[in-house]
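Raw my_file33.cif, mmCIF, C-alpha atoms:
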data_query
#
loop_
_atom_site.label_atom_id
_atom_site.label_comp_id
_atom_site.auth_asym_id
_atom_site.auth_seq_id
_atom_site.Cartn_x
_atom_site.Cartn_y
_atom_site.Cartn_z
CA MET A 1 -34.67 -5.88 67.22
CA ASP A 2 -32.25 -2.95 67.26
CA THR A 3 -30.38 -3.52 64.01
CA ALA A 4 -28.03 -0.62 64.69
CA SER A 5 -26.46 -2.39 67.69
CA THR A 6 -26.72 -6.01 66.54
CA LEU A 7 -24.23 -7.60 64.17
CA LEU A 8 -25.09 -11.06 62.95
CA ARG A 9 -22.40 -13.43 61.76
CA ILE A 10 -22.98 -15.71 58.82
CA VAL A 11 -20.43 -18.47 58.35
CA GLY A 12 -20.13 -19.74 54.80
CA VAL A 13 -18.01 -20.04 51.69
CA PRO A 14 -18.41 -18.57 48.18
CA GLY A 15 -18.98 -22.04 46.69
CA SER A 16 -22.00 -22.76 48.89
CA PRO A 17 -25.25 -21.80 47.08
CA TYR A 18 -27.15 -21.55 50.35
CA SER A 19 -24.46 -19.34 51.90
CA ARG A 20 -24.73 -16.97 48.97
CA LYS A 21 -28.53 -17.10 49.17
CA LEU A 22 -28.67 -16.13 52.85
CA ARG A 23 -25.96 -13.48 52.56
CA ALA A 24 -27.81 -11.85 49.66
CA VAL A 25 -30.99 -11.72 51.78
CA LEU A 26 -29.09 -10.06 54.62
CA ARG A 27 -27.62 -7.52 52.21
CA TYR A 28 -30.96 -6.75 50.56
CA ARG A 29 -32.74 -6.39 53.89
CA ARG A 30 -29.91 -4.19 55.23
CA ILE A 31 -29.49 -6.37 58.29
CA PRO A 32 -26.07 -5.63 59.82
CA HIS A 33 -23.90 -8.72 59.53
CA ALA A 34 -20.37 -10.00 59.13
CA TRP A 35 -19.43 -12.61 56.54
CA VAL A 36 -17.07 -15.16 58.13
CA LEU A 37 -15.33 -17.69 55.92
CA HIS A 38 -15.85 -21.25 57.12
CA GLY A 39 -12.53 -22.74 58.20
CA SER A 40 -10.82 -19.36 58.56
CA PRO A 41 -9.12 -18.26 61.80
CA GLU A 42 -12.06 -15.91 62.41
CA SER A 43 -14.49 -18.82 62.50
CA ARG A 44 -12.66 -20.94 65.08
CA ASP A 45 -14.12 -19.39 68.23
CA LEU A 46 -17.69 -19.16 66.94
CA PRO A 47 -20.29 -21.69 68.09
CA ARG A 48 -20.95 -24.55 65.71
CA ALA A 49 -24.21 -26.18 64.75
CA ARG A 50 -24.83 -29.81 65.66
CA VAL A 51 -25.09 -30.61 61.95
CA SER A 52 -22.08 -29.37 60.01
CA LEU A 53 -23.86 -27.67 57.09
CA LEU A 54 -23.41 -24.24 55.54
CA PRO A 55 -24.33 -21.52 55.99
CA GLN A 56 -24.47 -21.14 59.75
CA LEU A 57 -26.09 -18.04 61.18
CA ILE A 58 -25.02 -17.05 64.67
CA LEU A 59 -28.03 -15.90 66.68
CA SER A 60 -28.69 -15.23 70.35
CA ALA A 61 -30.39 -18.04 72.28
CA PRO A 62 -33.09 -17.23 74.89
CA ASN A 63 -30.39 -17.36 77.57
CA GLY A 64 -28.35 -14.76 75.69
CA GLU A 65 -25.65 -17.15 74.53
CA ALA A 66 -24.67 -17.33 70.88
CA GLU A 67 -25.94 -20.31 68.91
CA ALA A 68 -25.27 -21.49 65.36
CA HIS A 69 -28.37 -22.17 63.24
CA ILE A 70 -28.61 -23.83 59.83
CA ASP A 71 -31.06 -24.20 56.91
CA SER A 72 -31.53 -21.08 54.81
CA THR A 73 -35.29 -21.31 54.25
CA PRO A 74 -36.43 -21.36 57.90
CA LEU A 75 -33.69 -18.87 58.75
CA ILE A 76 -35.09 -16.42 56.20
CA ARG A 77 -38.53 -16.79 57.83
CA GLN A 78 -37.00 -16.33 61.27
CA LEU A 79 -35.34 -13.13 60.11
CA GLU A 80 -38.76 -11.92 58.93
CA GLN A 81 -39.89 -12.13 62.56
CA LEU A 82 -36.78 -10.51 63.99
CA TYR A 83 -36.35 -7.60 61.59
CA ALA A 84 -38.98 -5.29 60.14
CA GLY A 85 -39.04 -3.87 56.63
CA ARG A 86 -37.83 -4.92 53.18
CA SER A 87 -39.58 -8.29 53.47
CA VAL A 88 -38.85 -11.11 51.02
CA VAL A 89 -42.23 -12.78 51.67
CA PRO A 90 -45.19 -11.45 49.64
CA PRO A 91 -47.99 -10.10 51.86
CA ASP A 92 -50.66 -11.98 49.88
CA PRO A 93 -50.77 -15.50 51.40
CA ALA A 94 -51.48 -17.07 48.01
CA MET A 95 -48.47 -15.42 46.41
CA ALA A 96 -46.39 -16.22 49.48
CA PHE A 97 -47.18 -19.88 48.85
CA ILE A 98 -46.21 -19.60 45.16
CA ASP A 99 -42.98 -17.93 46.28
CA GLU A 100 -42.33 -20.80 48.70
CA LEU A 101 -42.94 -23.40 46.00
CA VAL A 102 -40.50 -21.78 43.56
CA GLU A 103 -37.93 -21.32 46.33
CA ASP A 104 -38.19 -25.00 47.20
CA TYR A 105 -37.67 -25.94 43.55
CA GLY A 106 -34.53 -23.80 43.47
CA ASP A 107 -33.18 -25.19 46.71
CA GLU A 108 -33.98 -28.84 46.13
CA TRP A 109 -34.19 -29.49 42.38
CA LEU A 110 -31.88 -26.92 40.80
CA THR A 111 -29.21 -27.99 43.26
CA LYS A 112 -29.15 -31.33 41.43
CA ALA A 113 -27.89 -29.48 38.36
CA MET A 114 -25.37 -27.54 40.45
CA PHE A 115 -23.95 -30.71 41.98
CA HIS A 116 -24.07 -32.58 38.67
CA TYR A 117 -22.18 -30.02 36.60
CA ARG A 118 -19.52 -29.46 39.27
CA TRP A 119 -18.67 -33.12 39.84
CA ALA A 120 -19.55 -34.92 36.59
CA TYR A 121 -17.22 -33.09 34.17
CA GLN A 122 -13.44 -33.19 34.48
CA PRO A 123 -12.77 -29.47 33.82
CA ASP A 124 -15.28 -28.58 36.53
CA ILE A 125 -13.82 -31.13 38.94
CA ASP A 126 -10.33 -29.76 38.34
CA GLN A 127 -11.40 -26.16 38.89
CA ALA A 128 -13.39 -26.95 42.04
CA ALA A 129 -10.56 -29.04 43.49
CA ALA A 130 -8.11 -26.19 42.85
CA ILE A 131 -10.24 -23.31 44.16
CA LEU A 132 -12.51 -24.62 46.91
CA PRO A 133 -9.76 -25.49 49.43
CA ARG A 134 -8.19 -22.04 48.98
CA TRP A 135 -11.32 -20.04 49.81
CA SER A 136 -11.00 -20.53 53.57
CA ARG A 137 -7.24 -19.90 53.61
CA THR A 138 -5.63 -18.36 50.56
CA ASP A 139 -2.26 -18.61 52.33
CA ILE A 140 -2.06 -22.41 52.58
CA ASP A 141 0.79 -23.94 50.62
CA ASP A 142 0.17 -25.48 47.22
CA GLN A 143 0.70 -29.08 48.29
CA GLN A 144 -1.75 -28.79 51.15
CA ALA A 145 -4.30 -27.19 48.84
CA LYS A 146 -3.79 -29.95 46.29
CA ASP A 147 -4.22 -32.67 48.92
CA LEU A 148 -7.34 -31.06 50.36
CA GLY A 149 -8.79 -30.56 46.90
CA LYS A 150 -8.30 -34.22 46.05
CA ILE A 151 -9.96 -35.37 49.29
CA PHE A 152 -12.89 -32.98 48.86
CA ALA A 153 -13.44 -33.90 45.21
CA GLU A 154 -13.45 -37.62 45.97
CA ARG A 155 -15.95 -37.13 48.79
CA GLN A 156 -18.29 -35.00 46.69
CA ILE A 157 -18.11 -37.25 43.65
CA GLY A 158 -19.06 -40.09 45.96
CA ARG A 159 -22.22 -38.19 46.90
CA LEU A 160 -23.49 -37.78 43.32
CA GLY A 161 -25.80 -40.77 43.75
CA VAL A 162 -27.38 -39.21 46.83
CA VAL A 163 -28.17 -35.98 45.00
CA GLY A 164 -29.46 -37.82 41.95
CA SER A 165 -26.74 -37.33 39.34
CA ASN A 166 -25.83 -40.54 37.52
CA PRO A 167 -25.68 -41.84 33.92
CA THR A 168 -29.43 -42.53 33.96
CA THR A 169 -30.44 -39.05 35.11
CA ALA A 170 -27.75 -36.85 33.53
CA LYS A 171 -29.67 -35.95 30.36
CA THR A 172 -32.82 -35.11 32.33
CA ILE A 173 -30.88 -32.85 34.71
CA GLU A 174 -29.13 -31.00 31.91
CA ALA A 175 -32.28 -30.58 29.81
CA SER A 176 -34.10 -29.21 32.85
CA TYR A 177 -31.29 -26.73 33.54
CA ARG A 178 -31.38 -25.47 29.96
CA ARG A 179 -35.16 -25.02 30.12
CA LEU A 180 -34.89 -23.17 33.43
CA LEU A 181 -32.42 -20.73 31.89
CA ALA A 182 -34.73 -20.05 28.94
CA LEU A 183 -37.84 -19.72 31.11
CA LEU A 184 -36.19 -17.43 33.65
CA ASP A 185 -34.69 -15.34 30.85
CA ALA A 186 -38.14 -14.89 29.31
CA HIS A 187 -39.70 -13.93 32.65
CA LEU A 188 -36.96 -11.45 33.53
CA ALA A 189 -37.43 -9.74 30.17
CA GLY A 190 -40.67 -8.33 31.57
CA SER A 191 -40.02 -8.30 35.32
CA ARG A 192 -36.98 -7.33 37.37
CA PHE A 193 -37.50 -10.28 39.68
CA VAL A 194 -39.48 -13.51 39.77
CA MET A 195 -42.01 -12.05 42.19
CA GLY A 196 -42.35 -8.69 40.44
CA GLY A 197 -40.53 -5.39 40.88
CA ARG A 198 -39.05 -6.58 44.18
CA PRO A 199 -37.48 -9.93 45.08
CA GLY A 200 -39.14 -12.72 47.00
CA ALA A 201 -37.44 -15.56 48.82
CA CYS A 202 -37.66 -17.60 45.61
CA ASP A 203 -35.49 -15.05 43.79
CA PHE A 204 -32.77 -15.67 46.35
CA GLY A 205 -33.26 -19.43 46.18
CA LEU A 206 -32.76 -19.49 42.41
CA TYR A 207 -29.92 -16.98 42.69
CA GLY A 208 -28.03 -19.13 45.19
CA GLN A 209 -27.80 -22.13 42.87
CA LEU A 210 -27.11 -19.91 39.85
CA THR A 211 -24.13 -18.26 41.55
CA GLN A 212 -22.42 -21.58 40.92
CA LEU A 213 -24.10 -22.75 37.71
CA ALA A 214 -23.96 -19.42 35.86
CA GLY A 215 -21.05 -17.89 37.70
CA PHE A 216 -18.43 -20.46 38.68
CA ASP A 217 -18.56 -23.95 37.20
CA PRO A 218 -17.21 -23.72 33.64
CA THR A 219 -19.47 -26.20 31.82
CA ALA A 220 -22.72 -24.86 33.30
CA ARG A 221 -21.49 -21.26 32.98
CA ASP A 222 -20.83 -21.70 29.26
CA VAL A 223 -24.36 -23.03 28.82
CA ALA A 224 -25.80 -20.01 30.65
CA LEU A 225 -23.72 -17.53 28.65
CA ALA A 226 -24.85 -19.09 25.39
CA LEU A 227 -28.55 -19.43 26.25
CA ALA A 228 -29.38 -16.71 28.77
CA PRO A 229 -26.91 -13.82 29.20
CA ARG A 230 -29.73 -11.88 30.88
CA VAL A 231 -29.81 -14.51 33.65
CA VAL A 232 -26.03 -14.28 34.09
CA ALA A 233 -26.35 -10.51 34.51
CA TRP A 234 -29.30 -10.93 36.90
CA VAL A 235 -27.25 -13.20 39.14
CA ASP A 236 -24.61 -10.49 39.46
CA VAL A 237 -27.29 -7.91 40.29
CA MET A 238 -28.92 -10.17 42.90
CA ASP A 239 -25.66 -10.46 44.83
CA ASP A 240 -26.17 -7.09 46.53
CA LEU A 241 -29.57 -5.40 46.36
CA SER A 242 -28.98 -3.13 49.34
CA GLY A 243 -29.48 -0.11 47.10
CA LEU A 244 -32.90 -1.23 45.83
CA GLU A 245 -35.84 0.79 47.18
CA PRO A 246 -38.82 -1.61 47.00
CA SER A 247 -42.45 -0.59 47.04
CA ASP A 248 -45.36 -2.64 48.38
CA THR A 249 -47.11 -2.08 45.04
CA GLU A 250 -44.38 -3.96 43.15
CA TRP A 251 -45.34 -7.48 44.23
CA LEU A 252 -47.00 -9.62 41.56
CA SER A 253 -50.75 -9.88 42.08
CA ALA A 254 -52.45 -13.26 42.36
CA THR A 255 -55.03 -12.01 39.86
CA ALA A 256 -52.43 -10.96 37.27
CA VAL A 257 -49.80 -13.69 37.23
CA PRO A 258 -47.88 -13.40 33.95
CA ALA A 259 -47.74 -16.31 31.53
CA THR A 260 -43.97 -16.45 31.98
CA LEU A 261 -44.34 -17.33 35.66
CA ARG A 262 -47.00 -19.93 34.90
CA THR A 263 -44.60 -21.50 32.42
CA LEU A 264 -41.92 -21.67 35.10
CA LEU A 265 -44.44 -23.32 37.42
CA THR A 266 -45.20 -25.83 34.67
CA GLU A 267 -41.50 -26.71 34.57
CA ILE A 268 -41.66 -27.34 38.32
CA GLY A 269 -44.64 -29.61 37.77
CA ARG A 270 -42.81 -31.35 34.96
CA VAL A 271 -39.68 -32.36 36.86
CA TYR A 272 -39.67 -31.54 40.56
CA VAL A 273 -43.20 -32.64 41.47
CA PRO A 274 -42.86 -36.22 40.15
CA PHE A 275 -39.55 -36.53 41.97
CA LEU A 276 -41.03 -35.33 45.27
CA LEU A 277 -43.90 -37.79 45.01
CA ALA A 278 -41.66 -40.73 44.06
CA ASN A 279 -39.18 -39.84 46.79
CA ASP A 280 -42.01 -39.66 49.34
CA ALA A 281 -43.28 -43.09 48.27
CA ALA A 282 -39.80 -44.59 48.53
CA LEU A 283 -39.33 -43.15 52.01
CA ALA A 284 -42.72 -44.49 53.12
CA GLN A 285 -41.80 -47.96 51.90
CA ALA A 286 -38.24 -47.79 53.28
CA ALA A 287 -37.08 -48.52 49.73
CA GLU A 288 -33.41 -48.38 48.85
CA ARG A 289 -34.01 -46.50 45.61
CA VAL A 290 -36.32 -43.92 44.12
CA GLU A 291 -37.42 -45.22 40.73
CA CYS A 292 -39.81 -43.25 38.56
CA GLU A 293 -40.21 -41.49 35.24
CA ILE A 294 -39.44 -37.79 34.91
CA ASP A 295 -39.93 -35.92 31.65
CA GLY A 296 -40.37 -39.17 29.77
CA ALA A 297 -37.13 -40.72 31.00
CA ALA A 298 -36.17 -43.09 33.79
CA TRP A 299 -35.06 -41.54 37.09
CA VAL A 300 -33.20 -43.44 39.79
CA GLN A 301 -31.44 -42.30 42.95
CA LYS A 302 -31.27 -42.95 46.67
CA PRO A 303 -34.20 -41.63 48.74
CA PHE A 304 -33.57 -38.19 50.19
CA PRO A 305 -35.17 -37.77 53.65
CA TYR A 306 -34.85 -33.98 53.76
CA GLN A 307 -36.79 -33.63 50.53
CA GLY A 308 -39.49 -35.77 52.10
CA LYS A 309 -39.72 -33.07 54.76
CA CYS A 310 -39.94 -30.41 52.06
CA LEU A 311 -43.01 -32.11 50.60
CA ALA A 312 -44.61 -32.36 54.04
CA TRP A 313 -43.98 -28.64 54.68
CA LEU A 314 -45.47 -27.64 51.32
CA ARG A 315 -48.55 -29.75 51.98
CA ALA A 316 -48.95 -28.35 55.49
CA ASP A 317 -48.61 -24.75 54.29
CA TYR A 318 -51.14 -25.33 51.50
CA ALA A 319 -53.58 -26.90 53.97
CA GLY A 320 -53.03 -23.92 56.29
CA LEU A 321 -54.32 -21.43 53.73
CA ASP A 322 -57.89 -20.31 54.19
CA ARG A 323 -60.38 -21.38 51.52
CA SER A 324 -60.24 -18.14 49.52
CA GLU A 325 -56.44 -18.26 49.37
CA ARG A 326 -56.42 -21.92 48.34
CA ILE A 327 -58.80 -21.04 45.51
CA LYS A 328 -56.33 -18.40 44.30
CA VAL A 329 -53.42 -20.85 44.52
CA ASP A 330 -55.41 -23.51 42.68
CA SER A 331 -56.22 -21.04 39.93
CA ILE A 332 -52.57 -20.06 39.50
CA LEU A 333 -51.36 -23.67 39.47
CA ARG A 334 -54.14 -25.12 37.33
CA GLY A 335 -52.61 -27.02 34.41
CA THR A 336 -49.04 -26.81 35.74
CA GLY A 337 -48.95 -30.24 37.37
CA CYS A 338 -48.00 -28.73 40.72
CA ASP A 339 -51.38 -29.49 42.27
CA ALA A 340 -50.41 -33.19 42.29
CA LEU A 341 -48.37 -32.36 45.40
CA TRP A 342 -51.51 -32.36 47.55
CA SER A 343 -54.05 -34.15 45.35
CA ALA A 344 -51.83 -37.23 45.59
CA SER A 345 -51.60 -37.08 49.40
#
Representation of the structure as structure tokens:
Amino acid sequence: MDTASTLLRIVGVPGSPYSRKLRAVLRYRRIPHAWVLHGSPESRDLPRARVSLLPQLILSAPNGEAEAHIDSTPLIRQLEQLYAGRSVVPPDPAMAFIDELVEDYGDEWLTKAMFHYRWAYQPDIDQAAAILPRWSRTDIDDQQAKDLGKIFAERQIGRLGVVGSNPTTAKTIEASYRRLLALLDAHLAGSRFVMGGRPGACDFGLYGQLTQLAGFDPTARDVALALAPRVVAWVDVMDDLSGLEPSDTEWLSATAVPATLRTLLTEIGRVYVPFLLANDAALAQAAERVECEIDGAAWVQKPFPYQGKCLAWLRADYAGLDRSERIKVDSILRGTGCDALWSAS
């Protein structure tokens, strides 16, 4: 694709982790694009996706008409096919799978912490209600902003049970967030990015959620500042990596995975894997609730169909590796608990 003559449009808002994730990928990969605020006058004439989620990336359909596409993870893979150079997918299939697994954890587990901290604490609720409505139109009057903020806050608080934040799960979510900060801080002390000297898709997945947790919501931000100032700084750096000059030699090797990454994978096996398996079982049984134990504590929430799809995609991609690559993945994940994702299927 001729990037010099093609300008993509990404529709999002600063408070959307996935919008920030996709925009950061576009910046890093130097793909020409325009950032369009959702709900702004500039967004009104753009095509809209059938499902009203953010971000929306405006791409050309086979017939040449503009179409809005959603879901950051497949969009990042689609961009890999459309634009050459500065890839965010490791060339080693085994490491690409590890990258995918960590990205999925960021997108689907760490978002529980993001949603929890924003809508479970009153100072965070108040800040979000005051700021979020003003992002699309900073010129709306104060009463309108207040009314919109109240409506939005009530709707999002009502969704806490869907995401998994409730009195039963709160301590588990917060303990997991604190561990993630410590583990990522330790890894970044010896590596610029999760996947080595250049970022993978998982770096952007973690970054997206952390733009909110470590950068916006006051309660979670204070935790990050106290425990992992390196991570707070890393989030700022990740926002625009267009000046980074990556080398193909800077990817982590499957034969030299550092202990700090294995420890992060063990955290994924500790919290996200048991949730995925319990959620999958609940969906298969058409149960009304996911009920399981995570990190030694009870976990309860409504089943989440999309995360059932995430498990199916991970299993399919693991099965699609050739035998030698699966052996490498198995070696990396041995003892982390992550192998239960397919051994339980």
Legend entry - Distance criterion (all atoms listed in the file): nearest to Ala256 of chain A out of A:Ile151, A:Ala129, A:Lys328, A:Leu101: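 Looking at the shortest contact to Ala256 of chain A, the residue is A:Lys328.
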Legend entry - Selected residue, from A:Thr169, A:Gln307, A:Thr73, A:Ser60, that lies nearest to Ala281 of chain A when counting only C-alpha atoms: A:Gln307
Inset, instruction - Select, from A:Val237, A:Ile76, A:Ala153, A:Leu333, the residue with the minimum atom-to-atom distance to Arg192 of chain A, counting all atoms listed in the file. - result: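 Looking only at the distances to Arg192 of chain A, the closest residue turns out to be A:Val237.
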Box along x, y and z, 3 Å on every side, all listed atoms of segment 305-324 of chain A inside: centre and edge lengths in Å to one decimal, as AutoDock Vina command-line options.
--center_x -47.6 --center_y -28.0 --center_z 52.9 --size_x 31.5 --size_y 25.6 --size_z 12.8
Local residues around (-42.0, -24.6, 31.4), at most 12 Å away, using all atoms listed in the file, as a PDB file with C-alpha atoms, in the coordinates of the input:
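The file below, out_12.pdb, is the result:
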ATOM      1  CA  ALA A 175     -32.280 -30.580  29.810  1.00  0.00           C
ATOM      2  CA  SER A 176     -34.100 -29.210  32.850  1.00  0.00           C
ATOM      3  CA  TYR A 177     -31.290 -26.730  33.540  1.00  0.00           C
ATOM      4  CA  ARG A 178     -31.380 -25.470  29.960  1.00  0.00           C
ATOM      5  CA  ARG A 179     -35.160 -25.020  30.120  1.00  0.00           C
ATOM      6  CA  LEU A 180     -34.890 -23.170  33.430  1.00  0.00           C
ATOM      7  CA  LEU A 181     -32.420 -20.730  31.890  1.00  0.00           C
ATOM      8  CA  ALA A 182     -34.730 -20.050  28.940  1.00  0.00           C
ATOM      9  CA  LEU A 183     -37.840 -19.720  31.110  1.00  0.00           C
ATOM     10  CA  LEU A 184     -36.190 -17.430  33.650  1.00  0.00           C
ATOM     11  CA  ASP A 185     -34.690 -15.340  30.850  1.00  0.00           C
ATOM     12  CA  ALA A 186     -38.140 -14.890  29.310  1.00  0.00           C
ATOM     13  CA  HIS A 187     -39.700 -13.930  32.650  1.00  0.00           C
ATOM     14  CA  ALA A 259     -47.740 -16.310  31.530  1.00  0.00           C
ATOM     15  CA  THR A 260     -43.970 -16.450  31.980  1.00  0.00           C
ATOM     16  CA  LEU A 261     -44.340 -17.330  35.660  1.00  0.00           C
ATOM     17  CA  ARG A 262     -47.000 -19.930  34.900  1.00  0.00           C
ATOM     18  CA  THR A 263     -44.600 -21.500  32.420  1.00  0.00           C
ATOM     19  CA  LEU A 264     -41.920 -21.670  35.100  1.00  0.00           C
ATOM     20  CA  LEU A 265     -44.440 -23.320  37.420  1.00  0.00           C
ATOM     21  CA  THR A 266     -45.200 -25.830  34.670  1.00  0.00           C
ATOM     22  CA  GLU A 267     -41.500 -26.710  34.570  1.00  0.00           C
ATOM     23  CA  ILE A 268     -41.660 -27.340  38.320  1.00  0.00           C
ATOM     24  CA  GLY A 269     -44.640 -29.610  37.770  1.00  0.00           C
ATOM     25  CA  ARG A 270     -42.810 -31.350  34.960  1.00  0.00           C
ATOM     26  CA  VAL A 271     -39.680 -32.360  36.860  1.00  0.00           C
ATOM     27  CA  TYR A 272     -39.670 -31.540  40.560  1.00  0.00           C
ATOM     28  CA  ASP A 295     -39.930 -35.920  31.650  1.00  0.00           C
ATOM     29  CA  GLY A 335     -52.610 -27.020  34.410  1.00  0.00           C
ATOM     30  CA  THR A 336     -49.040 -26.810  35.740  1.00  0.00           C
ATOM     31  CA  GLY A 337     -48.950 -30.240  37.370  1.00  0.00           C
ATOM     32  CA  CYS A 338     -48.000 -28.730  40.720  1.00  0.00           C
TER      33      CYS A 338
END
Inset, instruction - Show which residues sit within 6 Å of segment 221-236 of chain A, as a PyMOL selection string. Count all atoms listed in the file, and ignore same-chain residues fewer than 3 positions away. - result: chain A and resi 181+185+207+213-215+217-218+239
Legend entry - Picked residues, the PyMOL selection byres ((chain A and resi 105) around 9), as a list in words: Glu100, Leu101, Val102, Glu103, Asp104, Gly106, Asp107, Glu108, Trp109, Leu110, Thr111, Cys202, Gly205, Leu206, Ile268, Tyr272 and Val273 of chain A
Inset, instruction - Record the distance separating atom CA of Pro303 of chain A and atom CA of Val290 of chain A, expressed in Å with one decimal. - result: 5.6 Å
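The residue that comes closest to Arg27 of chain A, out of A:Pro133, A:Pro258, A:Gly243, A:Pro47 and on the basis of all atoms listed in the file, is A:Gly243.
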Inset, instruction - Measuring atom to atom with only C-alpha atoms, identify which of A:Asp92, A:Asp71, A:Asp126, A:Glu250 is nearest to Pro199 of chain A. - result: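 With only C-alpha atoms as the atom set, the closest residue is A:Glu250.
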Inset, instruction - Using the chain letters and numbers from the file, give me the residues hit by the PyMOL selection byres ((chain A and resi 97) around 10), as a list in words. - result: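 Applying the PyMOL selection byres ((chain A and resi 97) around 10) to the structure shown produces Val89, Pro90, Asp92, Pro93, Ala94, Met95, Ala96, Ile98, Asp99, Glu100, Leu101, Val102, Glu103, Leu314, Asp317, Tyr318, Leu321, Glu325, Arg326 and Val329 of chain A.
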Given the PyMOL selection byres ((chain A and resi 18) around 9), the residues it picks as an mmCIF file with C-alpha atoms, in the coordinates of the input:
data_model
loop_
_atom_site.group_PDB
_atom_site.id
_atom_site.type_symbol
_atom_site.label_atom_id
_atom_site.label_comp_id
_atom_site.auth_asym_id
_atom_site.auth_seq_id
_atom_site.Cartn_x
_atom_site.Cartn_y
_atom_site.Cartn_z
ATOM 1 C CA GLY A 12 -20.130 -19.740 54.800
ATOM 2 C CA GLY A 15 -18.980 -22.040 46.690
ATOM 3 C CA SER A 16 -22.000 -22.760 48.890
ATOM 4 C CA PRO A 17 -25.250 -21.800 47.080
ATOM 5 C CA SER A 19 -24.460 -19.340 51.900
ATOM 6 C CA ARG A 20 -24.730 -16.970 48.970
ATOM 7 C CA LYS A 21 -28.530 -17.100 49.170
ATOM 8 C CA LEU A 22 -28.670 -16.130 52.850
ATOM 9 C CA ARG A 23 -25.960 -13.480 52.560
ATOM 10 C CA LEU A 54 -23.410 -24.240 55.540
ATOM 11 C CA PRO A 55 -24.330 -21.520 55.990
ATOM 12 C CA ASP A 71 -31.060 -24.200 56.910
ATOM 13 C CA SER A 72 -31.530 -21.080 54.810
ATOM 14 C CA ASP A 107 -33.180 -25.190 46.710
ATOM 15 C CA GLY A 205 -33.260 -19.430 46.180
ATOM 16 C CA GLY A 208 -28.030 -19.130 45.190
ATOM 17 C CA GLN A 209 -27.800 -22.130 42.870
#
Inset, instruction - Please provide as a list in words all residues within 10 Å of segment 141-146 of chain A, with the sequence filter that same-chain residues fewer than 6 positions apart are discarded (counting all atoms listed in the file). - result: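 Counting all atoms listed in the file, the residues come to Ala129, Ala130, Ile131, Leu132, Pro133, Arg134 and Phe152 of chain A.
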Inset, instruction - For atom CA of Tyr117 of chain A and atom CA of Ala286 of chain A, quote the distance in Å rounded to one decimal. - result: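 If I compute the distance from atom CA of Tyr117 of chain A to atom CA of Ala286 of chain A, I get 29.2 Å.
Considering all atoms listed in the file, the residue among A:Ala170, A:Leu341, A:Ala24, A:Ala113 positioned nearest to Leu241 of chain A is A:Ala24.
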Inset, instruction - Write out as a PyMOL selection string which residues come within 12 Å of Glu288 of chain A when counting all atoms listed in the file, dropping same-chain ones fewer than 5 positions away. - result: chain A and resi 161-162+279+281-283+300-305
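One finds atom CA of Ala201 of chain A at 26.0 Å from atom CA of Thr172 of chain A.
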Can you complete the atoms of segment 299-310 of chain A to N, CA and C atoms and list them as a PDB file, keeping the file's coordinate frame?
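As written to disk, rebuild23.pdb reads:
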ATOM      1  N   TRP A 299     -35.787 -42.265  36.025  1.00  0.00           N
ATOM      2  CA  TRP A 299     -35.060 -41.540  37.090  1.00  0.00           C
ATOM      3  C   TRP A 299     -34.790 -42.532  38.207  1.00  0.00           C
ATOM      4  N   VAL A 300     -33.562 -42.559  38.682  1.00  0.00           N
ATOM      5  CA  VAL A 300     -33.200 -43.440  39.790  1.00  0.00           C
ATOM      6  C   VAL A 300     -32.181 -42.747  40.673  1.00  0.00           C
ATOM      7  N   GLN A 301     -32.386 -42.839  41.976  1.00  0.00           N
ATOM      8  CA  GLN A 301     -31.440 -42.300  42.950  1.00  0.00           C
ATOM      9  C   GLN A 301     -31.794 -42.861  44.319  1.00  0.00           C
ATOM     10  N   LYS A 302     -30.952 -42.570  45.306  1.00  0.00           N
ATOM     11  CA  LYS A 302     -31.270 -42.950  46.670  1.00  0.00           C
ATOM     12  C   LYS A 302     -32.342 -42.021  47.225  1.00  0.00           C
ATOM     13  N   PRO A 303     -33.210 -42.513  48.104  1.00  0.00           N
ATOM     14  CA  PRO A 303     -34.200 -41.630  48.740  1.00  0.00           C
ATOM     15  C   PRO A 303     -33.517 -40.513  49.509  1.00  0.00           C
ATOM     16  N   PHE A 304     -34.145 -39.364  49.547  1.00  0.00           N
ATOM     17  CA  PHE A 304     -33.570 -38.190  50.190  1.00  0.00           C
ATOM     18  C   PHE A 304     -34.518 -37.741  51.302  1.00  0.00           C
ATOM     19  N   PRO A 305     -34.241 -38.085  52.564  1.00  0.00           N
ATOM     20  CA  PRO A 305     -35.170 -37.770  53.650  1.00  0.00           C
ATOM     21  C   PRO A 305     -35.521 -36.296  53.779  1.00  0.00           C
ATOM     22  N   TYR A 306     -34.549 -35.403  53.589  1.00  0.00           N
ATOM     23  CA  TYR A 306     -34.850 -33.980  53.760  1.00  0.00           C
ATOM     24  C   TYR A 306     -35.898 -33.522  52.756  1.00  0.00           C
ATOM     25  N   GLN A 307     -35.820 -34.039  51.527  1.00  0.00           N
ATOM     26  CA  GLN A 307     -36.790 -33.630  50.530  1.00  0.00           C
ATOM     27  C   GLN A 307     -38.170 -34.224  50.808  1.00  0.00           C
ATOM     28  N   GLY A 308     -38.210 -35.297  51.589  1.00  0.00           N
ATOM     29  CA  GLY A 308     -39.490 -35.770  52.100  1.00  0.00           C
ATOM     30  C   GLY A 308     -40.095 -34.751  53.055  1.00  0.00           C
ATOM     31  N   LYS A 309     -39.247 -34.117  53.865  1.00  0.00           N
ATOM     32  CA  LYS A 309     -39.720 -33.070  54.760  1.00  0.00           C
ATOM     33  C   LYS A 309     -40.215 -31.856  53.974  1.00  0.00           C
ATOM     34  N   CYS A 310     -39.516 -31.551  52.886  1.00  0.00           N
ATOM     35  CA  CYS A 310     -39.940 -30.410  52.060  1.00  0.00           C
ATOM     36  C   CYS A 310     -41.358 -30.614  51.538  1.00  0.00           C
TER      37      CYS A 310
END
